[in-house]
Every structure is written in C-alpha cells, then in structure tokens.
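> I have a structure here, written as structure tokens, and I will follow up with some questions on it.
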Amino acid sequence: VVVMLTAAADLWWAMAQQSPLRIAQQPLELPRAARFVPRQSALSLHWLVDPGRLPAYAQAVAPAKQRRDARDAVQQLRDGAFALAGLEFSDELADWIGPQVSLSLLDPAPGEGRLGWVLALSSRDQDGAKRFLQRFWQTRSLAGTDLQISRYRGMGVISGRGALLGRDPQPLATALIDDDLLLLASGRGVLEQALDVSQLDAMHQLGDEDLKQRLNQLGEGVAVVTASPQALSTWLGMPAELVQHPDLEGLVAALGFQGADLSVDGMLRFRAPVVSAGSSGAAAAGEALLSGAGGDAQALALLNNPSALLQPESDDPLAQWLGPVVLAQLKALSAPAVDAITTRTDGPLVWEQQSQGWLLGTRAGHPGSEAVDAALQQQGLAASSLEADRGPLTVWTKLQRKRSHGTDSLQAQLAVALAKNGNQEWWGGSLDALQQRRDEKALQPRLQQLTALADRETRLPQQLALAAPLSRAQLREWRPWAFVQTVAGRSLLEPVQGLALAVGPASSSDNATDREQPGGSDTLRLRVLLN
C-alpha cells in the first residue's frame, strides 16, 4: 500500500509539474542572458517561460468553445514574433529552445538609421544550440550569404548578410555562450557591443541591483520589460508630457497571467521624489464613494483630486499622464456641468458613464453646490428644486426654444441634477442616471475589475474600469496593440472582455531603494488587467 501510494503521489507530482497552468506561477528574476543586455537599452524583454507551452496554456484557460481558436491565436502570435528575427519556430527552434528568451532593442548609433537588436535563446541541452547554428548558417549560405567567422573576446562569432530565399537580405551575427546560450544580433557591431557590455557589471542589467530589488517588489510574472523614456513614447505610446519629464529614468514592468487574463504590474522610476503622495484619507473616502455607486456603467473611474490632475502646468507625472486623458473625455462629453464639477473637486471623485448618461459622485462640500452653481450660472443655467421619490433634488436647467406644429414654445433642458445622500453628493446628467445609481448589482462587473487590481496592502488612488466595447475601442487606437495584431496576423479584439487600469505613487513598501521622502515618491506604480 505504501509503495502504491508513493507511486501515485509521484505520478500526481509529475503531472502537476507538466501542467501548462504552472507557467503562470513564475518568480521574477533576471535570466543569465541579462548579462548581455545594456542598462541603456531602449527596450528589453526577458521571457521566463517555455514559449513552446504557451499555446497549451491558452487552450487550458479558454472557454470550451474557444479553446482551439485561442490555441491557434497564441501560436500564430508566438511564431510571428520569432519570424521578425527571420526564425521559423516550428522548424528551427521547437526541438531545443529553453524556457528563457531575452530581447533587447538598442538605439541606432550616430549616422545609422537602423534600430539594433540582440536576441538571446537558452538551450535545453548542450547540443541543441550547436545543431541549430550549423543548420542556420548552412541554409543561409546556400541562399547566397557570405559568412565571416572570427573570434571576439574569446567567443566564436559568425556573421553574414543574407536571408532565406524570398526574403530581403539583412545583416546577422551569432555567438554561442557556454554551449547553451545563443546570441543572435542584427549585425556584428551590435553583437560585439553586447559582448563588451557583459564584461562590466556596471553596464549590464544582471549587475543592476536596483532593478533586482524592484523585481522582488513586483513578485511573480512570466516576463520582465524595461523601457527607456524614448521607448515609452515610441513603442508604448505614452504622452509626450510624461516621457519628457527631466527626472524620468524609465519603466520596469512584469507581465503575468491570471487565468485567461493578462496583467501588467509596473513602476515608472524617477531620479527624485516628484510624484505627489496625496492625502492619507483619500483612499478610504474613495472606497466609500464606490460602495455608494451603482448602475450599468460601461466605464467606471475613481479619480483622486481631479482638480490637481487638470492643472496644465503641473510637473506631477500623474497630472502629465492622466490630465490630457481626462480633458479629452470632458471635451467629448461637451457637458459644462462635468467640467465645472471635476475642475473644482479636491478629493476623490467617482465617474460613471452609463447608457442613460454620466454620473459623478463626490464628498459633501467638495466641490459643493455653491461653487458649481456659480460656474453654471456663467453658462446660462439656472438652479431650482425638484421633488423626487427619494427626496428633493437640485437641478440646473436652461430654457430653449422649441418649434412644434408651427408654434414656438419654451422648454427647460436639464443639464445636471444633484442628489445628496449623507456625506456624499451625486451629480447626474439625467434623472435616469441618478435613479440607476440604486442598482448596485449592475455595477458589480466594473467593481470586480477594480478589485482584481488591488494590491495586497492598498489600492492605487487613480482607477479605471472599462467594459468590452470601450476596451476594444481604446485598444484599437493604441499603437502597440496594432503592432501585436500585425505580428499575430489576425485581429485580437474579439476575445477582449474588459480593461482595467490603476495608477498612483508607490507606497513605502514598494519603494525598493528607500528614496521616498515626505513630499512624494520617486516611483509611479502602474497596474493593468486585460480580461
């Protein structure tokens, strides 16, 4: 019986180790290939799980009716990514590639227009990379590539200019490190630069202690991404006001899987504590507002101190990032009441976008009906009282001329209605929007998105959750998403069910280098969840 139980336990353990679901439980650590990645890389990606198991993972977590399509989509995306480097994953890599893949993009040298790149591939055995190199250069030699074989810093380097038949010739160079790590670069000069960097701990990422400490704070993930300020603009589409901040050092982020969802947990690093810490009671007040919200919202946002976010001359990275986004939404709504409320709110504010219109929630007296009334009067709106089922409302209306059946009449058009509920004030663009606030169950999908973003200790103060239609619309306009779809060779929007984002200053426990000061933080924390 003991033998049988032991054998069963061993079999169960072996099956659990081979389960594709295990790839989501990966501690973040820099691979050995990070020794060949310069700290000044424009963009770097360290993939920490076996790329051959990704399609099986997608199939395992997808709904039953979508499993085959999910597997095919991820397989095409993986194969397309390696095809950018001129590699055929199934034919050239699948039988030997290991679980760690690193890519670094290097800014072009003065006088050169091409972006340099270095791809590092780990091997599962001592002979896999050697066999690949032999076939790789033999195939390209037959296709007309002129090979140059030399040694650099004790490493054998093979370089040439050519490609497979039917493809444009491109310069390539390879080096084999300790028989189980292969470097493939966009040219001999780029490869020699990577080999030079590997000799000095102060130059490569593996010797960056600050980066290691930040990865410990991020916890688990399947990939590590770093980006320079220029790459944040060029590759990730972040606003120019943020990436041009004089103190910005760059981004460190972890990509992870939460079932079928993709998560991003990142840190924007600054040289000085320039991120405003905010008030200590804002988080509790924001949570109270969320608990009082309701309705079938397509978009739900929790903004802390929106009046500061909308300061055009602010040096706070939060204002430089989120300010233009909020202003764009205000312009799209064309609602003077929303502008009057958000620009005067110095505490937390809940913003819902429903089919019945917009809904805002604030603390009582922040900004207060008097301040809003003064601003709306300048827009030609007049305040009055209205009795409703759940108590009196304050409404602001504007008289408009209406022509019907050849006769003119005046009609009061509602701009905003205010309902007071204890220490909370709720502003609605329509009476229906205020009425829908009582339906707490309808808001649960958006609240669950925000809950999934919460840290073990605290929530980040600026939060946003979008339903499927708005998520797809935002991703469609995002430059990196268009690039990923091009690599995959197909649209990836249909499976998207939601998008959630949270941003705020890092807490003291998140600050890996203890550079936080009472006036603010040197790290802006970012969390994203794509359902």
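Chain labels follow the order of the structure tokens: the first chain is A, the next B, and so on; residue numbering restarts at 1 in every chain, and ligands are counted from 1 in their shown order.
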Do you know which residues are at most 9 Å from A:Leu236 counting only C-alpha atoms, after dropping those on the same chain fewer than 6 positions away, and could you put them as a ChimeraX atom specification?

/A:227,478-480

> Need the shell around stretch 429-434 of chain A: protein/DNA/RNA residues with any atom at most 9 Å away, counting only C-alpha atoms. Skip same-chain ones fewer than 6 positions apart. Format as a PyMOL selection string?

chain A and resi 295+335+337-338+354-360+414-419

> Write the selection just made, keeping all heavy atoms, as a compact mmCIF listing (two decimals), in the first residue's frame?


```txt
# COMPACT_ATOMS: atom_id res chain seq x y z
N GLY A 295 -25.44 51.09 -10.99
CA GLY A 295 -25.87 51.32 -12.36
C GLY A 295 -25.07 50.49 -13.34
O GLY A 295 -23.95 50.04 -13.05
N ALA A 335 -20.18 68.62 -21.86
CA ALA A 335 -21.09 68.87 -20.74
C ALA A 335 -20.45 69.89 -19.81
O ALA A 335 -19.50 69.56 -19.09
CB ALA A 335 -21.40 67.58 -20.00
N ALA A 337 -21.46 71.01 -17.04
CA ALA A 337 -21.59 70.63 -15.64
C ALA A 337 -20.46 69.70 -15.21
O ALA A 337 -19.92 69.82 -14.11
CB ALA A 337 -22.95 69.96 -15.42
N VAL A 338 -20.10 68.73 -16.06
CA VAL A 338 -19.00 67.81 -15.73
C VAL A 338 -17.70 68.59 -15.56
O VAL A 338 -16.92 68.35 -14.63
CB VAL A 338 -18.86 66.73 -16.81
CG1 VAL A 338 -17.67 65.82 -16.52
CG2 VAL A 338 -20.13 65.91 -16.91
N GLN A 354 -22.90 55.78 -18.22
CA GLN A 354 -23.98 54.84 -18.43
C GLN A 354 -24.68 55.14 -19.75
O GLN A 354 -24.46 56.19 -20.37
CB GLN A 354 -25.00 54.91 -17.28
CG GLN A 354 -24.41 54.75 -15.89
CD GLN A 354 -25.45 54.95 -14.81
OE1 GLN A 354 -26.62 55.18 -15.10
NE2 GLN A 354 -25.02 54.88 -13.56
N SER A 355 -25.54 54.21 -20.16
CA SER A 355 -26.33 54.46 -21.37
C SER A 355 -27.30 55.61 -21.15
O SER A 355 -27.70 56.30 -22.10
CB SER A 355 -27.09 53.19 -21.77
OG SER A 355 -27.93 52.75 -20.70
N GLN A 356 -27.70 55.85 -19.87
CA GLN A 356 -28.60 56.95 -19.56
C GLN A 356 -27.87 58.28 -19.40
O GLN A 356 -28.50 59.31 -19.20
CB GLN A 356 -29.36 56.65 -18.25
CG GLN A 356 -30.31 55.48 -18.34
CD GLN A 356 -29.59 54.16 -18.11
OE1 GLN A 356 -28.40 54.15 -17.79
NE2 GLN A 356 -30.30 53.07 -18.29
N GLY A 357 -26.55 58.26 -19.47
CA GLY A 357 -25.77 59.48 -19.31
C GLY A 357 -24.68 59.31 -18.27
O GLY A 357 -24.39 58.21 -17.81
N TRP A 358 -24.07 60.42 -17.88
CA TRP A 358 -22.96 60.38 -16.94
C TRP A 358 -23.46 60.56 -15.51
O TRP A 358 -24.53 61.10 -15.25
CB TRP A 358 -21.93 61.45 -17.28
CG TRP A 358 -22.49 62.84 -17.39
CD1 TRP A 358 -22.90 63.49 -18.51
CD2 TRP A 358 -22.70 63.77 -16.30
NE1 TRP A 358 -23.37 64.75 -18.22
CE2 TRP A 358 -23.25 64.95 -16.86
CE3 TRP A 358 -22.50 63.72 -14.94
CZ2 TRP A 358 -23.58 66.06 -16.11
CZ3 TRP A 358 -22.83 64.83 -14.16
CH2 TRP A 358 -23.37 65.98 -14.76
N LEU A 359 -22.64 60.09 -14.56
CA LEU A 359 -22.94 60.19 -13.15
C LEU A 359 -21.64 60.44 -12.40
O LEU A 359 -20.65 59.73 -12.61
CB LEU A 359 -23.62 58.91 -12.64
CG LEU A 359 -23.97 58.86 -11.15
CD1 LEU A 359 -25.11 59.84 -10.84
CD2 LEU A 359 -24.37 57.45 -10.74
N LEU A 360 -21.65 61.44 -11.52
CA LEU A 360 -20.47 61.79 -10.72
C LEU A 360 -20.82 61.71 -9.24
O LEU A 360 -21.92 62.11 -8.83
CB LEU A 360 -19.98 63.21 -11.04
CG LEU A 360 -19.54 63.51 -12.48
CD1 LEU A 360 -19.12 64.96 -12.61
CD2 LEU A 360 -18.42 62.59 -12.91
N LEU A 414 -32.59 69.87 -19.01
CA LEU A 414 -31.81 69.54 -17.82
C LEU A 414 -30.33 69.42 -18.17
O LEU A 414 -29.96 68.70 -19.11
CB LEU A 414 -32.32 68.23 -17.22
CG LEU A 414 -31.56 67.72 -15.98
CD1 LEU A 414 -31.77 68.66 -14.81
CD2 LEU A 414 -32.00 66.30 -15.63
N ALA A 415 -29.48 70.09 -17.39
CA ALA A 415 -28.04 69.98 -17.55
C ALA A 415 -27.43 69.07 -16.50
O ALA A 415 -26.56 68.25 -16.80
CB ALA A 415 -27.38 71.35 -17.49
N VAL A 416 -27.89 69.18 -15.25
CA VAL A 416 -27.37 68.35 -14.18
C VAL A 416 -28.37 68.35 -13.03
O VAL A 416 -29.07 69.35 -12.80
CB VAL A 416 -25.99 68.86 -13.69
CG1 VAL A 416 -26.07 70.29 -13.21
CG2 VAL A 416 -25.43 67.95 -12.59
N ALA A 417 -28.46 67.22 -12.35
CA ALA A 417 -29.31 67.09 -11.16
C ALA A 417 -28.44 66.61 -10.01
O ALA A 417 -27.57 65.74 -10.19
CB ALA A 417 -30.46 66.11 -11.42
N LEU A 418 -28.67 67.16 -8.82
CA LEU A 418 -27.86 66.85 -7.64
C LEU A 418 -28.73 66.19 -6.58
O LEU A 418 -29.79 66.73 -6.20
CB LEU A 418 -27.24 68.13 -7.07
CG LEU A 418 -26.60 68.03 -5.68
CD1 LEU A 418 -25.45 67.04 -5.68
CD2 LEU A 418 -26.14 69.40 -5.21
N ALA A 419 -28.30 65.02 -6.12
CA ALA A 419 -28.96 64.32 -5.01
C ALA A 419 -27.95 64.18 -3.88
O ALA A 419 -26.83 63.70 -4.10
CB ALA A 419 -29.46 62.95 -5.46
```

> Which is closest to A:Ala442 among A:Gln411, A:Gln463, A:Gln298, A:Ser122, if we use only C-alpha atoms?

A:Gln298

> Taking only C-alpha atoms into account, name the residue in A:Leu327, A:Val190, A:Val224, A:Ala299 that is nearest to A:Pro469.

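Nearest to A:Pro469: A:Ala299.
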
> Distance table requested - stretch 225-326 of chain A against stretch 44-47 of chain A, cut-off 12 Å, only C-alpha atoms: one row per qualifying residue with the closest atom pair and its distance in Å to one decimal, ordered by chain and rising residue number, as CSV.


```
residue,atom,partner,partner_atom,distance
A:Val225,CA,A:Leu45,CA,4.7
A:Thr226,CA,A:Ser44,CA,5.2
A:Ala227,CA,A:Ser44,CA,6.6
A:Ser228,CA,A:Ser44,CA,9.2
A:Ala231,CA,A:Ser44,CA,10.0
A:Leu232,CA,A:Ser44,CA,11.8
A:Trp235,CA,A:Ser44,CA,11.5
A:Gly250,CA,A:Ser44,CA,11.5
A:Leu251,CA,A:Ser44,CA,10.3
A:Val252,CA,A:Ser44,CA,9.6
A:Ala253,CA,A:Leu45,CA,9.7
A:Ala254,CA,A:His46,CA,9.6
A:Leu255,CA,A:Trp47,CA,9.1
A:Gly256,CA,A:Trp47,CA,10.6
```

> Which of these, A:Glu241, A:Glu425, A:Glu387, A:Asp339, has the shortest distance to A:Gly368 once you count only C-alpha atoms?

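Checking each candidate against A:Gly368, we get A:Glu425 as the closest.
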
> If DSSP is run on the backbone, what residues of stretch 69-122 of chain A are strand (DSSP E)? A reply as JSON, numbers by chain would be ideal.

{"A": [97, 98, 99, 100, 101, 102, 103, 104, 105, 106, 116, 117, 118, 119, 120, 121, 122]}

> Could you take the residues named above and write them with all heavy atoms, as a short mmCIF file (atom, residue, chain, number, x, y, z; two decimals), in the first residue's frame?


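Listing of part.cif after writing:
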```cif
data_model
loop_
_atom_site.label_atom_id
_atom_site.label_comp_id
_atom_site.auth_asym_id
_atom_site.auth_seq_id
_atom_site.Cartn_x
_atom_site.Cartn_y
_atom_site.Cartn_z
N ILE A 97 14.83 24.86 -27.96
CA ILE A 97 14.82 26.14 -27.24
C ILE A 97 14.39 25.94 -25.80
O ILE A 97 13.49 25.15 -25.49
CB ILE A 97 13.90 27.15 -27.96
CG1 ILE A 97 14.06 28.54 -27.35
CG2 ILE A 97 12.44 26.70 -27.91
CD1 ILE A 97 13.35 29.63 -28.13
N GLY A 98 15.05 26.65 -24.88
CA GLY A 98 14.76 26.55 -23.46
C GLY A 98 13.71 27.55 -23.00
O GLY A 98 13.12 28.28 -23.81
N PRO A 99 13.48 27.63 -21.70
CA PRO A 99 12.38 28.45 -21.18
C PRO A 99 12.69 29.94 -21.08
O PRO A 99 11.80 30.71 -20.71
CB PRO A 99 12.13 27.86 -19.79
CG PRO A 99 13.46 27.32 -19.39
CD PRO A 99 14.10 26.82 -20.64
N GLN A 100 13.90 30.37 -21.36
CA GLN A 100 14.25 31.78 -21.20
C GLN A 100 14.66 32.38 -22.55
O GLN A 100 15.56 31.87 -23.22
CB GLN A 100 15.38 31.95 -20.19
CG GLN A 100 14.98 31.52 -18.77
CD GLN A 100 16.11 31.67 -17.78
OE1 GLN A 100 17.26 31.85 -18.16
NE2 GLN A 100 15.79 31.59 -16.50
N VAL A 101 13.97 33.46 -22.91
CA VAL A 101 14.24 34.19 -24.15
C VAL A 101 14.35 35.66 -23.80
O VAL A 101 13.48 36.21 -23.12
CB VAL A 101 13.12 33.97 -25.20
CG1 VAL A 101 13.40 34.79 -26.45
CG2 VAL A 101 12.98 32.50 -25.53
N SER A 102 15.42 36.30 -24.25
CA SER A 102 15.63 37.72 -23.96
C SER A 102 15.82 38.48 -25.26
O SER A 102 16.49 38.01 -26.18
CB SER A 102 16.85 37.94 -23.05
OG SER A 102 16.65 37.33 -21.79
N LEU A 103 15.24 39.68 -25.30
CA LEU A 103 15.36 40.55 -26.46
C LEU A 103 15.68 41.95 -25.97
O LEU A 103 15.05 42.46 -25.04
CB LEU A 103 14.06 40.58 -27.27
CG LEU A 103 13.99 41.61 -28.40
CD1 LEU A 103 14.97 41.27 -29.52
CD2 LEU A 103 12.57 41.73 -28.94
N SER A 104 16.66 42.59 -26.60
CA SER A 104 16.97 43.99 -26.28
C SER A 104 17.04 44.78 -27.59
O SER A 104 17.61 44.31 -28.58
CB SER A 104 18.30 44.10 -25.53
OG SER A 104 19.38 43.58 -26.30
N LEU A 105 16.43 45.96 -27.56
CA LEU A 105 16.48 46.88 -28.69
C LEU A 105 17.40 48.03 -28.32
O LEU A 105 17.27 48.62 -27.24
CB LEU A 105 15.08 47.41 -29.01
CG LEU A 105 14.02 46.36 -29.35
CD1 LEU A 105 12.69 47.04 -29.67
CD2 LEU A 105 14.46 45.50 -30.52
N LEU A 106 18.31 48.35 -29.21
CA LEU A 106 19.32 49.37 -28.95
C LEU A 106 19.11 50.54 -29.90
O LEU A 106 18.85 50.34 -31.10
CB LEU A 106 20.73 48.81 -29.14
CG LEU A 106 21.02 47.49 -28.39
CD1 LEU A 106 22.42 47.00 -28.73
CD2 LEU A 106 20.88 47.70 -26.89
N GLY A 116 19.13 48.61 -33.60
CA GLY A 116 19.83 47.35 -33.36
C GLY A 116 19.07 46.47 -32.39
O GLY A 116 18.34 46.96 -31.53
N TRP A 117 19.24 45.16 -32.50
CA TRP A 117 18.58 44.23 -31.58
C TRP A 117 19.48 43.02 -31.32
O TRP A 117 20.29 42.63 -32.16
CB TRP A 117 17.22 43.77 -32.11
CG TRP A 117 17.24 43.16 -33.50
CD1 TRP A 117 17.00 43.80 -34.68
CD2 TRP A 117 17.50 41.79 -33.84
NE1 TRP A 117 17.11 42.94 -35.73
CE2 TRP A 117 17.40 41.70 -35.25
CE3 TRP A 117 17.81 40.66 -33.10
CZ2 TRP A 117 17.62 40.49 -35.92
CZ3 TRP A 117 18.02 39.46 -33.78
CH2 TRP A 117 17.91 39.39 -35.17
N VAL A 118 19.33 42.46 -30.15
CA VAL A 118 20.05 41.24 -29.75
C VAL A 118 19.02 40.28 -29.16
O VAL A 118 18.28 40.65 -28.23
CB VAL A 118 21.16 41.52 -28.72
CG1 VAL A 118 21.84 40.22 -28.31
CG2 VAL A 118 22.18 42.50 -29.29
N LEU A 119 18.99 39.07 -29.67
CA LEU A 119 18.07 38.04 -29.19
C LEU A 119 18.89 36.94 -28.55
O LEU A 119 19.82 36.40 -29.16
CB LEU A 119 17.26 37.48 -30.35
CG LEU A 119 16.22 36.39 -30.04
CD1 LEU A 119 15.13 36.94 -29.14
CD2 LEU A 119 15.63 35.83 -31.33
N ALA A 120 18.58 36.60 -27.29
CA ALA A 120 19.28 35.55 -26.56
C ALA A 120 18.33 34.38 -26.34
O ALA A 120 17.25 34.55 -25.78
CB ALA A 120 19.79 36.08 -25.21
N LEU A 121 18.75 33.18 -26.77
CA LEU A 121 17.94 31.97 -26.66
C LEU A 121 18.67 30.94 -25.82
O LEU A 121 19.83 30.61 -26.09
CB LEU A 121 17.66 31.39 -28.06
CG LEU A 121 17.05 32.34 -29.09
CD1 LEU A 121 16.93 31.64 -30.45
CD2 LEU A 121 15.71 32.86 -28.63
N SER A 122 18.01 30.45 -24.78
CA SER A 122 18.60 29.39 -23.96
C SER A 122 18.29 28.03 -24.59
O SER A 122 17.28 27.86 -25.27
CB SER A 122 18.06 29.45 -22.54
OG SER A 122 16.65 29.26 -22.52
#
```

> Between A:Leu172, A:Leu300, A:Ala468, A:Val37, which residue has the minimum interatomic distance to A:Gln353, considering only C-alpha atoms?

A:Leu300

> Taking 3 positions as the minimum chain separation for residues in the same chain, which residues sit within 12 Å of A:Asp201 when counting only C-alpha atoms? Answer as an MDAnalysis selection string.

chainID A and resid 34:39 196:198 204:209

> Which residues come within 9 Å of A:Pro367, counting only C-alpha atoms, excluding same-chain residues fewer than 4 positions away, as a short mmCIF file (atom, residue, chain, number, x, y, z; two decimals) with N, CA, C and O atoms, in the first residue's frame?


```
data_model
loop_
_atom_site.label_atom_id
_atom_site.label_comp_id
_atom_site.auth_asym_id
_atom_site.auth_seq_id
_atom_site.Cartn_x
_atom_site.Cartn_y
_atom_site.Cartn_z
N ILE A 341 -17.70 70.49 -12.24
CA ILE A 341 -17.55 69.65 -11.05
C ILE A 341 -16.13 69.10 -10.93
O ILE A 341 -15.50 69.19 -9.88
N THR A 342 -15.60 68.53 -12.00
CA THR A 342 -14.28 67.88 -11.93
C THR A 342 -13.17 68.88 -11.66
O THR A 342 -12.24 68.59 -10.90
N THR A 343 -13.22 70.05 -12.27
CA THR A 343 -12.13 71.01 -12.09
C THR A 343 -12.14 71.66 -10.71
O THR A 343 -11.18 72.35 -10.35
N ARG A 344 -13.20 71.44 -9.92
CA ARG A 344 -13.30 72.04 -8.59
C ARG A 344 -13.30 71.00 -7.47
O ARG A 344 -13.48 71.36 -6.31
N THR A 345 -13.10 69.75 -7.81
CA THR A 345 -13.11 68.68 -6.80
C THR A 345 -11.68 68.41 -6.33
O THR A 345 -10.83 68.00 -7.12
N ASP A 346 -11.42 68.64 -5.04
CA ASP A 346 -10.08 68.44 -4.48
C ASP A 346 -9.97 67.13 -3.72
O ASP A 346 -8.97 66.89 -3.05
N GLY A 347 -10.97 66.28 -3.78
CA GLY A 347 -10.92 64.98 -3.12
C GLY A 347 -11.24 63.89 -4.12
O GLY A 347 -11.13 64.08 -5.32
N THR A 362 -19.19 62.71 -5.36
CA THR A 362 -18.17 63.44 -4.62
C THR A 362 -18.53 63.45 -3.14
O THR A 362 -19.66 63.13 -2.75
N ARG A 363 -17.57 63.82 -2.31
CA ARG A 363 -17.87 64.04 -0.90
C ARG A 363 -18.66 65.34 -0.74
O ARG A 363 -18.50 66.28 -1.53
N ALA A 371 -20.22 76.40 -5.31
CA ALA A 371 -19.16 76.63 -6.30
C ALA A 371 -19.61 76.20 -7.69
O ALA A 371 -19.33 76.87 -8.68
N VAL A 372 -20.32 75.06 -7.78
CA VAL A 372 -20.79 74.60 -9.08
C VAL A 372 -21.85 75.54 -9.63
O VAL A 372 -21.89 75.84 -10.83
#
```
